[in-house]
Structure formats: C-alpha cells, structure tokens
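Structure file structure-v5.pdb with PDB, C-alpha atoms:
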ATOM      1  CA  MET A  57     -44.111  44.592  36.910
ATOM      2  CA  GLU A  58     -44.423  48.247  35.935
ATOM      3  CA  GLY A  59     -47.838  48.531  37.655
ATOM      4  CA  VAL A  60     -46.487  46.953  40.821
ATOM      5  CA  TYR A  61     -43.461  49.249  40.751
ATOM      6  CA  LEU A  62     -45.640  52.340  40.495
ATOM      7  CA  CYS A  63     -47.771  51.196  43.405
ATOM      8  CA  VAL A  64     -44.738  50.726  45.602
ATOM      9  CA  MET A  65     -43.097  54.025  44.671
ATOM     10  CA  ASP A  66     -46.148  56.209  45.206
ATOM     11  CA  PRO A  67     -46.429  57.192  48.934
ATOM     12  CA  PHE A  68     -50.227  56.909  49.021
ATOM     13  CA  ASN A  69     -50.226  53.545  47.248
ATOM     14  CA  GLN A  70     -47.513  52.276  49.565
ATOM     15  CA  SER A  71     -49.677  53.039  52.607
ATOM     16  CA  SER A  72     -52.715  51.531  50.930
ATOM     17  CA  ALA A  73     -50.745  48.315  50.410
ATOM     18  CA  THR A  74     -49.809  47.974  54.088
ATOM     19  CA  ARG A  75     -52.903  49.236  55.941
ATOM     20  CA  PHE A  76     -56.585  49.331  55.039
ATOM     21  CA  ILE A  77     -59.436  51.353  56.512
ATOM     22  CA  LEU A  78     -62.691  49.476  57.088
ATOM     23  CA  LEU A  79     -65.584  51.889  56.568
ATOM     24  CA  GLY A  80     -67.931  49.669  58.573
ATOM     25  CA  LEU A  81     -71.077  51.034  60.168
ATOM     26  CA  SER A  82     -72.552  54.502  59.770
ATOM     27  CA  ASP A  83     -70.784  57.499  61.318
ATOM     28  CA  VAL A  84     -74.111  58.752  62.702
ATOM     29  CA  PRO A  85     -73.747  58.374  66.526
ATOM     30  CA  HIS A  86     -77.185  56.883  67.311
ATOM     31  CA  LEU A  87     -76.916  54.451  64.376
ATOM     32  CA  LYS A  88     -73.480  53.354  65.619
ATOM     33  CA  VAL A  89     -74.938  52.683  69.086
ATOM     34  CA  ILE A  90     -77.792  50.641  67.618
ATOM     35  CA  GLY A  91     -75.325  48.722  65.434
ATOM     36  CA  VAL A  92     -72.968  47.933  68.316
ATOM     37  CA  LEU A  93     -75.827  46.814  70.580
ATOM     38  CA  SER A  94     -77.330  44.664  67.829
ATOM     39  CA  PHE A  95     -74.044  42.959  66.992
ATOM     40  CA  SER A  96     -73.248  42.462  70.686
ATOM     41  CA  VAL A  97     -76.596  40.752  71.322
ATOM     42  CA  ILE A  98     -76.249  38.598  68.188
ATOM     43  CA  TYR A  99     -72.721  37.536  69.168
ATOM     44  CA  LEU A 100     -73.704  36.767  72.763
ATOM     45  CA  ILE A 101     -76.657  34.626  71.655
ATOM     46  CA  THR A 102     -74.414  32.876  69.102
ATOM     47  CA  LEU A 103     -71.872  31.930  71.776
ATOM     48  CA  LEU A 104     -74.443  30.846  74.369
ATOM     49  CA  ALA A 105     -76.644  28.850  71.971
ATOM     50  CA  ASN A 106     -73.780  27.022  70.252
ATOM     51  CA  PHE A 107     -71.854  26.289  73.451
ATOM     52  CA  LEU A 108     -75.073  25.019  75.060
ATOM     53  CA  LEU A 109     -75.686  22.689  72.129
ATOM     54  CA  ILE A 110     -72.116  21.346  72.329
ATOM     55  CA  ILE A 111     -72.469  20.807  76.095
ATOM     56  CA  VAL A 112     -75.836  19.048  75.711
ATOM     57  CA  VAL A 113     -74.423  16.627  73.135
ATOM     58  CA  THR A 114     -71.296  16.053  75.244
ATOM     59  CA  VAL A 115     -73.061  15.221  78.518
ATOM     60  CA  ASN A 116     -75.830  13.008  77.099
ATOM     61  CA  PRO A 117     -74.531   9.558  76.008
ATOM     62  CA  LYS A 118     -77.706   9.026  73.945
ATOM     63  CA  LEU A 119     -76.600  11.858  71.674
ATOM     64  CA  HIS A 120     -73.206  10.328  70.881
ATOM     65  CA  THR A 121     -74.281   9.468  67.349
ATOM     66  CA  PRO A 122     -72.943  10.513  63.919
ATOM     67  CA  MET A 123     -75.691  13.107  63.413
ATOM     68  CA  TYR A 124     -74.870  14.890  66.666
ATOM     69  CA  PHE A 125     -71.130  14.541  66.055
ATOM     70  CA  PHE A 126     -71.520  16.570  62.873
ATOM     71  CA  LEU A 127     -73.895  18.938  64.657
ATOM     72  CA  THR A 128     -71.225  19.752  67.266
ATOM     73  CA  ASN A 129     -68.800  20.363  64.394
ATOM     74  CA  LEU A 130     -71.332  22.789  62.935
ATOM     75  CA  SER A 131     -71.744  24.574  66.274
ATOM     76  CA  PHE A 132     -67.989  24.917  66.729
ATOM     77  CA  ILE A 133     -67.680  26.283  63.190
ATOM     78  CA  ASP A 134     -70.457  28.806  63.873
ATOM     79  CA  ILE A 135     -68.688  30.024  67.030
ATOM     80  CA  CYS A 136     -65.409  30.499  65.154
ATOM     81  CA  PHE A 137     -67.098  31.882  62.036
ATOM     82  CA  SER A 138     -68.880  34.596  64.006
ATOM     83  CA  THR A 139     -65.785  35.324  66.112
ATOM     84  CA  THR A 140     -63.694  36.109  63.019
ATOM     85  CA  VAL A 141     -66.049  38.962  62.125
ATOM     86  CA  VAL A 142     -68.329  40.336  64.853
ATOM     87  CA  PRO A 143     -65.810  41.362  67.597
ATOM     88  CA  LYS A 144     -63.725  43.222  64.994
ATOM     89  CA  ILE A 145     -66.816  45.062  63.733
ATOM     90  CA  ILE A 146     -67.706  46.147  67.271
ATOM     91  CA  LYS A 147     -64.104  47.236  67.992
ATOM     92  CA  ASN A 148     -63.804  49.227  64.753
ATOM     93  CA  THR A 149     -67.160  50.924  65.326
ATOM     94  CA  LEU A 150     -66.208  52.081  68.817
ATOM     95  CA  SER A 151     -62.608  52.992  67.929
ATOM     96  CA  ALA A 152     -61.483  56.171  66.203
ATOM     97  CA  ASP A 153     -58.795  54.192  64.381
ATOM     98  CA  LYS A 154     -60.587  51.955  61.872
ATOM     99  CA  SER A 155     -57.419  50.848  60.101
ATOM    100  CA  VAL A 156     -56.249  47.254  59.890
ATOM    101  CA  SER A 157     -52.855  45.974  58.812
ATOM    102  CA  LEU A 158     -52.392  43.837  55.725
ATOM    103  CA  LEU A 159     -51.475  40.843  57.919
ATOM    104  CA  GLU A 160     -54.530  41.262  60.163
ATOM    105  CA  CYS A 161     -56.734  41.580  57.110
ATOM    106  CA  ALA A 162     -55.219  38.503  55.492
ATOM    107  CA  ILE A 163     -55.665  36.443  58.674
ATOM    108  CA  GLN A 164     -59.299  37.508  59.040
ATOM    109  CA  MET A 165     -59.992  36.770  55.371
ATOM    110  CA  HIS A 166     -58.320  33.353  55.642
ATOM    111  CA  PHE A 167     -60.278  32.172  58.684
ATOM    112  CA  HIS A 168     -63.541  33.673  57.449
ATOM    113  CA  LEU A 169     -63.199  31.827  54.128
ATOM    114  CA  ALA A 170     -62.018  28.637  55.823
ATOM    115  CA  PHE A 171     -64.844  28.418  58.361
ATOM    116  CA  GLY A 172     -67.443  29.446  55.783
ATOM    117  CA  SER A 173     -66.399  26.800  53.264
ATOM    118  CA  THR A 174     -66.018  24.151  55.991
ATOM    119  CA  GLU A 175     -69.632  24.805  56.980
ATOM    120  CA  CYS A 176     -70.652  24.091  53.369
ATOM    121  CA  PHE A 177     -68.970  20.691  53.450
ATOM    122  CA  ILE A 178     -70.207  19.796  56.935
ATOM    123  CA  LEU A 179     -73.788  20.551  55.867
ATOM    124  CA  ALA A 180     -73.241  18.286  52.843
ATOM    125  CA  VAL A 181     -71.879  15.527  55.092
ATOM    126  CA  MET A 182     -74.912  15.911  57.380
ATOM    127  CA  ALA A 183     -77.187  15.446  54.358
ATOM    128  CA  TYR A 184     -75.287  12.255  53.479
ATOM    129  CA  ASP A 185     -75.737  11.072  57.080
ATOM    130  CA  ARG A 186     -79.530  11.566  56.776
ATOM    131  CA  PHE A 187     -79.467   9.751  53.424
ATOM    132  CA  VAL A 188     -77.781   6.698  54.956
ATOM    133  CA  ALA A 189     -80.054   6.775  58.038
ATOM    134  CA  ILE A 190     -83.279   6.858  55.990
ATOM    135  CA  CYS A 191     -82.340   5.006  52.791
ATOM    136  CA  LYS A 192     -79.944   2.387  54.241
ATOM    137  CA  PRO A 193     -81.004   2.027  57.903
ATOM    138  CA  LEU A 194     -79.751  -1.576  58.281
ATOM    139  CA  HIS A 195     -76.231  -0.557  57.214
ATOM    140  CA  TYR A 196     -76.177   2.793  59.020
ATOM    141  CA  ASN A 197     -73.843   1.804  61.870
ATOM    142  CA  ILE A 198     -71.439   0.129  59.456
ATOM    143  CA  ILE A 199     -71.315   2.968  56.911
ATOM    144  CA  MET A 200     -71.314   5.825  59.422
ATOM    145  CA  SER A 201     -68.708   4.310  61.700
ATOM    146  CA  ARG A 202     -66.681   6.458  64.081
ATOM    147  CA  LYS A 203     -63.681   6.233  61.748
ATOM    148  CA  MET A 204     -65.812   7.304  58.772
ATOM    149  CA  CYS A 205     -67.285  10.282  60.646
ATOM    150  CA  ILE A 206     -63.879  11.523  61.792
ATOM    151  CA  SER A 207     -62.474  11.077  58.275
ATOM    152  CA  LEU A 208     -65.325  13.052  56.662
ATOM    153  CA  ALA A 209     -65.025  15.870  59.210
ATOM    154  CA  ALA A 210     -61.206  15.978  58.962
ATOM    155  CA  ALA A 211     -61.309  16.026  55.151
ATOM    156  CA  SER A 212     -63.767  18.939  55.261
ATOM    157  CA  TRP A 213     -61.625  20.976  57.664
ATOM    158  CA  ILE A 214     -58.253  20.315  56.013
ATOM    159  CA  SER A 215     -59.333  20.832  52.397
ATOM    160  CA  CYS A 216     -61.156  24.093  53.186
ATOM    161  CA  PHE A 217     -58.267  25.567  55.177
ATOM    162  CA  ILE A 218     -55.843  24.767  52.342
ATOM    163  CA  HIS A 219     -58.203  26.284  49.758
ATOM    164  CA  SER A 220     -58.678  29.408  51.885
ATOM    165  CA  PHE A 221     -54.927  29.900  52.298
ATOM    166  CA  MET A 222     -54.398  29.721  48.536
ATOM    167  CA  GLU A 223     -57.289  32.121  47.869
ATOM    168  CA  VAL A 224     -55.905  34.725  50.310
ATOM    169  CA  ILE A 225     -52.381  34.479  48.875
ATOM    170  CA  TYR A 226     -53.775  34.952  45.381
ATOM    171  CA  THR A 227     -55.905  37.941  46.467
ATOM    172  CA  PHE A 228     -53.078  39.861  48.142
ATOM    173  CA  GLN A 229     -50.762  39.394  45.192
ATOM    174  CA  MET A 230     -52.872  42.009  43.381
ATOM    175  CA  PRO A 231     -51.700  45.657  43.552
ATOM    176  CA  PHE A 232     -54.158  47.901  45.445
ATOM    177  CA  CYS A 233     -53.604  51.356  43.959
ATOM    178  CA  ARG A 234     -57.054  52.945  43.872
ATOM    179  CA  SER A 235     -57.756  53.426  47.574
ATOM    180  CA  ASN A 236     -57.010  51.952  50.975
ATOM    181  CA  HIS A 237     -60.663  52.371  52.051
ATOM    182  CA  VAL A 238     -62.511  49.041  52.175
ATOM    183  CA  ASN A 239     -66.238  49.630  51.741
ATOM    184  CA  HIS A 240     -67.142  46.698  53.964
ATOM    185  CA  PHE A 241     -67.512  45.632  57.602
ATOM    186  CA  PHE A 242     -64.591  43.213  57.416
ATOM    187  CA  CYS A 243     -61.916  41.863  55.055
ATOM    188  CA  GLU A 244     -63.577  39.801  52.342
ATOM    189  CA  VAL A 245     -62.513  39.008  48.778
ATOM    190  CA  PRO A 246     -65.160  40.894  46.676
ATOM    191  CA  PRO A 247     -64.385  44.431  48.010
ATOM    192  CA  PHE A 248     -60.670  43.920  47.355
ATOM    193  CA  LEU A 249     -61.334  43.097  43.706
ATOM    194  CA  GLN A 250     -62.895  46.563  43.349
ATOM    195  CA  MET A 251     -59.845  48.200  44.970
ATOM    196  CA  SER A 252     -57.257  46.642  42.677
ATOM    197  CA  CYS A 253     -55.669  48.755  39.943
ATOM    198  CA  SER A 254     -54.974  45.653  37.827
ATOM    199  CA  ASP A 255     -57.294  43.651  35.617
ATOM    200  CA  THR A 256     -59.247  41.376  37.964
ATOM    201  CA  PHE A 257     -60.979  39.306  35.287
ATOM    202  CA  PHE A 258     -58.918  36.167  35.864
ATOM    203  CA  HIS A 259     -59.104  36.553  39.639
ATOM    204  CA  GLU A 260     -62.890  36.905  39.474
ATOM    205  CA  LEU A 261     -63.018  33.882  37.200
ATOM    206  CA  ALA A 262     -60.906  31.907  39.662
ATOM    207  CA  MET A 263     -63.134  33.059  42.541
ATOM    208  CA  TYR A 264     -66.280  31.973  40.709
ATOM    209  CA  ILE A 265     -64.726  28.604  39.863
ATOM    210  CA  SER A 266     -63.535  27.947  43.426
ATOM    211  CA  ALA A 267     -66.843  29.132  44.882
ATOM    212  CA  GLY A 268     -68.626  27.009  42.311
ATOM    213  CA  ILE A 269     -66.628  23.932  43.285
ATOM    214  CA  ILE A 270     -67.185  24.392  47.020
ATOM    215  CA  VAL A 271     -70.695  25.832  47.158
ATOM    216  CA  SER A 272     -72.288  24.264  44.107
ATOM    217  CA  LEU A 273     -70.692  20.835  44.527
ATOM    218  CA  SER A 274     -71.615  20.566  48.205
ATOM    219  CA  PHE A 275     -75.118  21.877  47.431
ATOM    220  CA  LEU A 276     -75.418  19.321  44.616
ATOM    221  CA  LEU A 277     -74.460  16.540  47.040
ATOM    222  CA  ILE A 278     -77.151  17.770  49.419
ATOM    223  CA  LEU A 279     -79.695  17.908  46.607
ATOM    224  CA  ILE A 280     -78.885  14.361  45.433
ATOM    225  CA  SER A 281     -79.116  13.079  49.016
ATOM    226  CA  TYR A 282     -82.551  14.625  49.487
ATOM    227  CA  ILE A 283     -83.828  13.333  46.150
ATOM    228  CA  HIS A 284     -83.080   9.811  47.384
ATOM    229  CA  ILE A 285     -84.484  10.644  50.838
ATOM    230  CA  VAL A 286     -87.781  11.957  49.452
ATOM    231  CA  SER A 287     -88.027   8.963  47.101
ATOM    232  CA  THR A 288     -87.565   6.580  50.042
ATOM    233  CA  ILE A 289     -90.018   8.454  52.284
ATOM    234  CA  LEU A 290     -92.733   8.313  49.609
ATOM    235  CA  LYS A 291     -92.410   4.514  49.578
ATOM    236  CA  ILE A 292     -93.184   4.277  53.301
ATOM    237  CA  ASN A 293     -96.764   3.063  53.745
ATOM    238  CA  SER A 294     -97.369   4.497  57.222
ATOM    239  CA  SER A 295     -98.077   8.222  57.444
ATOM    240  CA  ASP A 296     -96.491   8.258  60.915
ATOM    241  CA  GLY A 297     -93.381   6.635  59.476
ATOM    242  CA  ARG A 298     -93.173   9.208  56.699
ATOM    243  CA  TYR A 299     -93.592  12.064  59.185
ATOM    244  CA  LYS A 300     -90.970  10.642  61.558
ATOM    245  CA  ALA A 301     -88.433  10.204  58.753
ATOM    246  CA  LEU A 302     -89.064  13.664  57.322
ATOM    247  CA  SER A 303     -88.964  15.355  60.742
ATOM    248  CA  THR A 304     -85.310  14.318  61.188
ATOM    249  CA  CYS A 305     -84.433  16.382  58.091
ATOM    250  CA  VAL A 306     -86.513  19.552  58.535
ATOM    251  CA  SER A 307     -83.976  21.446  60.660
ATOM    252  CA  HIS A 308     -81.173  20.614  58.248
ATOM    253  CA  ILE A 309     -83.251  21.712  55.244
ATOM    254  CA  ILE A 310     -84.003  25.091  56.887
ATOM    255  CA  VAL A 311     -80.332  25.694  57.758
ATOM    256  CA  VAL A 312     -79.150  24.665  54.268
ATOM    257  CA  THR A 313     -81.699  26.900  52.523
ATOM    258  CA  PHE A 314     -80.785  29.931  54.605
ATOM    259  CA  TYR A 315     -77.017  29.483  54.459
ATOM    260  CA  TYR A 316     -76.559  28.419  50.844
ATOM    261  CA  GLY A 317     -79.047  31.020  49.627
ATOM    262  CA  THR A 318     -76.988  33.905  51.057
ATOM    263  CA  ILE A 319     -73.642  32.385  49.966
ATOM    264  CA  MET A 320     -74.789  31.923  46.375
ATOM    265  CA  LEU A 321     -76.285  35.411  46.320
ATOM    266  CA  LEU A 322     -72.901  36.900  47.263
ATOM    267  CA  TYR A 323     -70.326  34.800  45.408
ATOM    268  CA  LEU A 324     -72.158  33.496  42.350
ATOM    269  CA  ARG A 325     -73.674  36.778  41.161
ATOM    270  CA  PRO A 326     -72.311  38.720  38.156
ATOM    271  CA  HIS A 327     -69.759  41.530  38.523
ATOM    272  CA  SER A 328     -72.316  44.383  38.378
ATOM    273  CA  ARG A 329     -73.763  44.365  41.871
ATOM    274  CA  SER A 330     -74.650  46.647  44.730
ATOM    275  CA  VAL A 331     -72.029  47.097  47.457
ATOM    276  CA  ASN A 332     -74.719  47.677  50.087
ATOM    277  CA  ILE A 333     -76.454  44.426  49.157
ATOM    278  CA  ASP A 334     -73.128  42.567  49.382
ATOM    279  CA  LYS A 335     -72.467  44.011  52.840
ATOM    280  CA  SER A 336     -75.941  43.054  54.077
ATOM    281  CA  VAL A 337     -75.741  39.529  52.661
ATOM    282  CA  SER A 338     -72.271  39.051  54.174
ATOM    283  CA  MET A 339     -73.549  39.999  57.613
ATOM    284  CA  VAL A 340     -76.507  37.615  57.312
ATOM    285  CA  TYR A 341     -74.399  34.518  56.687
ATOM    286  CA  SER A 342     -71.458  35.625  58.889
ATOM    287  CA  ALA A 343     -73.341  36.801  61.996
ATOM    288  CA  VAL A 344     -77.065  35.978  61.826
ATOM    289  CA  THR A 345     -76.864  32.402  60.469
ATOM    290  CA  PRO A 346     -74.423  31.172  63.186
ATOM    291  CA  MET A 347     -76.883  32.504  65.769
ATOM    292  CA  LEU A 348     -79.931  30.846  64.180
ATOM    293  CA  ASN A 349     -78.448  27.410  63.450
ATOM    294  CA  PRO A 350     -78.346  26.049  67.040
ATOM    295  CA  ILE A 351     -81.764  27.586  67.760
ATOM    296  CA  ILE A 352     -83.296  25.880  64.712
ATOM    297  CA  TYR A 353     -81.813  22.512  65.668
ATOM    298  CA  SER A 354     -82.724  22.845  69.352
ATOM    299  CA  VAL A 355     -86.325  23.997  68.831
ATOM    300  CA  ARG A 356     -87.127  21.100  66.482
ATOM    301  CA  ASN A 357     -85.054  18.449  68.250
ATOM    302  CA  LYS A 358     -86.844  16.490  70.980
ATOM    303  CA  ASP A 359     -83.663  14.818  72.275
ATOM    304  CA  VAL A 360     -81.891  18.148  72.770
ATOM    305  CA  LYS A 361     -84.895  19.763  74.471
ATOM    306  CA  ASP A 362     -85.342  16.763  76.791
ATOM    307  CA  THR A 363     -81.674  16.844  77.783
ATOM    308  CA  ILE A 364     -81.858  20.540  78.639
ATOM    309  CA  ARG A 365     -85.146  20.129  80.508
ATOM    310  CA  LYS A 366     -84.585  16.963  82.543
ATOM    311  CA  ASN A 367     -81.667  17.446  84.910
ATOM    312  CA  PRO A 368     -79.335  20.377  84.224
ATOM    313  CA  ILE A 369     -77.445  19.922  87.529
ATOM    314  CA  GLN A 370     -76.577  16.328  86.709
ATOM    315  CA  ASP A 371     -75.537  17.389  83.221
ATOM    316  CA  CYS A 372     -73.188  20.012  84.632
ATOM    317  CA  LEU A 373     -71.554  17.378  86.876
ATOM    318  CA  ARG A 374     -71.151  15.059  83.890
ATOM    319  CA  LEU A 375     -69.540  17.876  81.934
ATOM    320  CA  LYS A 376     -67.067  18.562  84.771
ATOM    321  CA  LEU A 377     -66.120  14.868  84.909
ATOM    322  CA  PHE A 378     -65.711  14.826  81.138
ATOM    323  CA  LEU A 379     -63.427  17.883  81.214
ATOM    324  CA  LEU A 380     -61.359  16.418  84.072
ATOM    325  CA  LYS A 381     -60.856  13.157  82.155
ATOM    326  CA  ALA A 382     -59.905  15.103  79.038
TER
END

Target format structure tokens, applied to this file:
Amino acid sequence: MEGVYLCVMDPFNQSSATRFILLGLSDVPHLKVIGVLSFSVIYLITLLANFLLIIVVTVNPKLHTPMYFFLTNLSFIDICFSTTVVPKIIKNTLSADKSVSLLECAIQMHFHLAFGSTECFILAVMAYDRFVAICKPLHYNIIMSRKMCISLAAASWISCFIHSFMEVIYTFQMPFCRSNHVNHFFCEVPPFLQMSCSDTFFHELAMYISAGIIVSLSFLLILISYIHIVSTILKINSSDGRYKALSTCVSHIIVVTFYYGTIMLLYLRPHSRSVNIDKSVSMVYSAVTPMLNPIIYSVRNKDVKDTIRKNPIQDCLRLKLFLLKA
C-alpha cells in the first residue's frame, strides 16, 4: 500500500498513471513518412484481402463448409486484430500528441490480446477440422456438424475475451512509477512490466503461464492433429491421393508456423530481452501476419481462385441479395 500511496501522491507519478506516451516510430521526418506509408499499405491490403476472402466464401454455396467457416472467422479476426493496432500507430506518428489515456490503453490491450489469442484457438480448431477430414472422412459431416462448428468458434471467442479482460485488469493494478513513456508502438503487456515500480516476478510468471496455456496448448493440439494426419497420409497407396490430402493442409501449416513462431518468440522468451526485437516481432504478428494469411490461403486454394475468376458480377449480385436477406 505504501508504494501505491507514493505513486499517487507524487505529481509526476500521478500523470504517468493516467496517461502514457507511446514512443512509436522514429522522430526522423523521412523515416516517419516511410513508416506511415508502409503501415498504410499493409493495412489497406489487410482489409481488402480479408474482406474479399469473406465475400468469396459468402457468395459461393460450394464454400459453405466447416473449413471455410473457420477461415472466415480467421479473416474477421485478422481485420479486427490489425485494426486494434495499425490505425493508432499511423495517428500517433502523424500527431504531435502521442499520449494515450489509461482507458484507451487498456481497451487497446484488451482487444489486441483477445483477438490474438482467439486466432491461436481458431488455428487449432482448423487443424482439428483437417484431422477429421483426412483421418475420419466417413464421419466428417457428423463430427463437424454446423452446431459443432459454431460451438467451437463461440468457445474460442468467449474464453479468449474473458482471459484478456482478466489479464488487462491484472496488468493495470500494478503501480507505474518509473516513467509514463511506453517504448512501444502500442499498448502491450511486456513494456508495462518494465515500467512498473513494483516487483513484477509474479505477474511475469502469470503471463508466462497464461501464454503457455493458450499458445502452447493450442500449438500442441495442432501438432497432435498433424501427427495423425501425416500418419494417415503415409498409409495412402496412391501418390496422387497423398498429394491431394497434403495440399489441403499446406496453407494452414504455413500460417501456423509464421504466427506461432512470432508469438512464442515474444511471450515465451526469458526476461532479459531486447526491446527493439520485441517491437519488431509484435509488428510482424499484429500487422504483417493478418495481411499474409488471406493471401496464403487464396494463392494455394483452387476453389477460392475459381470463385474470384469465374463471374465476379454474379457474385456481387449474390452478395447484395445475401445482405438484403440478412
């Protein structure tokens, strides 16, 4: 209580507890211009690519399958995930006032954590979907029923939003007495641990445990699914059959490797780490990955490419009818 009392009574510490200054991009003018242009292009491509993928799946009845249902969930997550970070970075870079209120920071941290962890679970669910499709094809429609798909998606969203809320509450209970300058592009948990004037050992331990449960558990589920998938594929006598089965998983494997690699590098590393590396890794999985995901799935997916190529005018009309009915 004494530490908290001192933080409240000191004028500087009081301001640091209510507003934070995001250091963000470089103050060098030409580097700021390059940064803003780069983030603007990345964000625009992210929106266009993910919205296009959602529209393609919506207007083509052939794509109304469990795999594409989870893929539209992933695209929606990527849109929201990028939106929680990139517009704020651009605004702060162009604005002279780089401060953010405690509430704004908490909201950004909550949604960033929630969408990021939801993506982990959705990728795990997509791996399970591929496992059922390849290892239990005769029971696929029964196991991956509409009710089951909605339940898996809903459980992923709800559990991750609850976990994120608790993590943010726990983070902002710490006293921030050292500085109100956040050496990051946006509000994320690791930089705030370095700003606290209290012992953060237990908070770091809790962060590693929660990250371990979400990231490692979902990654383990993916790994187990693919062990069974590979085992089943190797038993297929036809080389064409093996290739066809494996080709349905390649895009997912690429996305999982890229996303989980950056997440684990940031949250499961020891305390002694480089701030610049953390900032770079955060931007890769928060801005670059949401842009690449729909491109990876579209480039390698024949059904998606055929839908885009065949009759875009008819697809637009179908989308309008769908929206009117909704």

>> I'd like the interatomic distance between atom CA of A:Leu109 and atom CA of A:Val340, to a tenth of an Å.
In response: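 Atom CA of A:Leu109 sits 21.0 Å away from atom CA of A:Val340.
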
Hey, could you make a per-residue contact list for stretch 210-285 of chain A against stretch 311-315 of chain A with 12 Å as the cut-off, showing the nearest pair of atoms and its distance in Å to one decimal, counting all atoms listed in the file, sorted by chain and number, as a tab-separated table?
residue	atom	partner	partner_atom	distance
A:Val271	CA	A:Tyr315	CA	10.3
A:Ser274	CA	A:Val312	CA	10.5
A:Phe275	CA	A:Val312	CA	8.4
A:Leu276	CA	A:Val312	CA	11.6
A:Leu277	CA	A:Val312	CA	11.8
A:Ile278	CA	A:Val312	CA	8.7
A:Leu279	CA	A:Val312	CA	10.2
A:Tyr282	CA	A:Val312	CA	11.6

> Just how far from atom CA of A:Cys243 is atom CA of A:Ser155, in Å to one decimal?
Replying inline: 11.2 Å

> Got a sec: who's within 9 Å of A:Leu249, counting all atoms listed in the file, leaving out chain neighbours fewer than 2 positions off, as a VMD selection string?
Replying inline: chain A and resid 227 230 232 245 to 247 251 to 253 256 259 to 260

Residues selected by the PyMOL selection byres ((chain A and resi 342) around 10), written as an mmCIF file with C-alpha atoms, in the frame of the given file:
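The result, stored in part.cif:
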data_model
loop_
_atom_site.group_PDB
_atom_site.id
_atom_site.type_symbol
_atom_site.label_atom_id
_atom_site.label_comp_id
_atom_site.auth_asym_id
_atom_site.auth_seq_id
_atom_site.Cartn_x
_atom_site.Cartn_y
_atom_site.Cartn_z
ATOM 1 C CA ASP A 134 -70.457 28.806 63.873
ATOM 2 C CA PHE A 137 -67.098 31.882 62.036
ATOM 3 C CA SER A 138 -68.880 34.596 64.006
ATOM 4 C CA THR A 139 -65.785 35.324 66.112
ATOM 5 C CA THR A 140 -63.694 36.109 63.019
ATOM 6 C CA VAL A 141 -66.049 38.962 62.125
ATOM 7 C CA VAL A 142 -68.329 40.336 64.853
ATOM 8 C CA HIS A 168 -63.541 33.673 57.449
ATOM 9 C CA PHE A 171 -64.844 28.418 58.361
ATOM 10 C CA GLY A 172 -67.443 29.446 55.783
ATOM 11 C CA TYR A 315 -77.017 29.483 54.459
ATOM 12 C CA THR A 318 -76.988 33.905 51.057
ATOM 13 C CA ILE A 319 -73.642 32.385 49.966
ATOM 14 C CA SER A 336 -75.941 43.054 54.077
ATOM 15 C CA VAL A 337 -75.741 39.529 52.661
ATOM 16 C CA SER A 338 -72.271 39.051 54.174
ATOM 17 C CA MET A 339 -73.549 39.999 57.613
ATOM 18 C CA VAL A 340 -76.507 37.615 57.312
ATOM 19 C CA TYR A 341 -74.399 34.518 56.687
ATOM 20 C CA ALA A 343 -73.341 36.801 61.996
ATOM 21 C CA VAL A 344 -77.065 35.978 61.826
ATOM 22 C CA THR A 345 -76.864 32.402 60.469
ATOM 23 C CA PRO A 346 -74.423 31.172 63.186
ATOM 24 C CA MET A 347 -76.883 32.504 65.769
#

> Using all atoms listed in the file, which of A:Lys154, A:His195, A:Val112, A:Ser94 sits nearest A:Asn239?
Replying inline: A:Lys154

> Of the candidates A:Thr149, A:Thr114, A:Ser307, A:Gln229, which one gets nearest to A:Leu78 if we count all atoms listed in the file?
Replying inline: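 Distance minimum relative to A:Leu78 lands on A:Thr149.
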
>> Since I can't run it myself right now, could you work out what the PyMOL selection byres ((chain A and resi 205) around 12) selects here and report it as number ranges by chain?
In response: A: 120-127, 129, 178, 181-182, 184-185, 196-204, 206-212

>> Ranking A:Ala162, A:Arg186, A:Ala267, A:Lys147 by minimum distance to A:Ile280 and counting all atoms listed in the file, which one comes first?
In response: A:Arg186

Return as lines of an AutoDock Vina configuration file the centre and edge lengths, in Å with one decimal, of the box along x, y and z that encloses every atom of stretch 259-271 of chain A in the file, padded by 3 Å per side.
center_x = -64.9
center_y = 30.4
center_z = 42.2
size_x = 17.6
size_y = 19.0
size_z = 16.0

> Mind telling me what the PyMOL selection byres ((chain A and resi 242) around 8) catches here, as a VMD selection string?
Replying inline: chain A and resid 78 80 141 144 to 145 164 240 to 241 243 to 244

>> To one decimal place in Å, what is the distance between atom CA of A:Ser266 and atom CA of A:His219?
In response: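 Separation between atom CA of A:Ser266 and atom CA of A:His219: 8.4 Å.
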
> Smallest atom-to-atom distance to A:Cys176: which of A:Ser272, A:Ser287, A:Ser354, A:Thr128, using all atoms listed in the file?
Replying inline: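 Once distances to A:Cys176 are computed over all atoms listed in the file, the minimum belongs to A:Ser272.
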
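Among the candidate residues A:Lys300, A:Phe187, A:Ser173, A:His237, the one lying nearest to A:Leu273 is A:Ser173, with distances computed using all atoms listed in the file.
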
>> At a cut-off of 8 Å, using all atoms listed in the file, what residues contact A:Cys191? Leave out same-chain residues fewer than 4 positions from it and give the result as a ChimeraX atom specification.
In response: /A:187,284-285,288
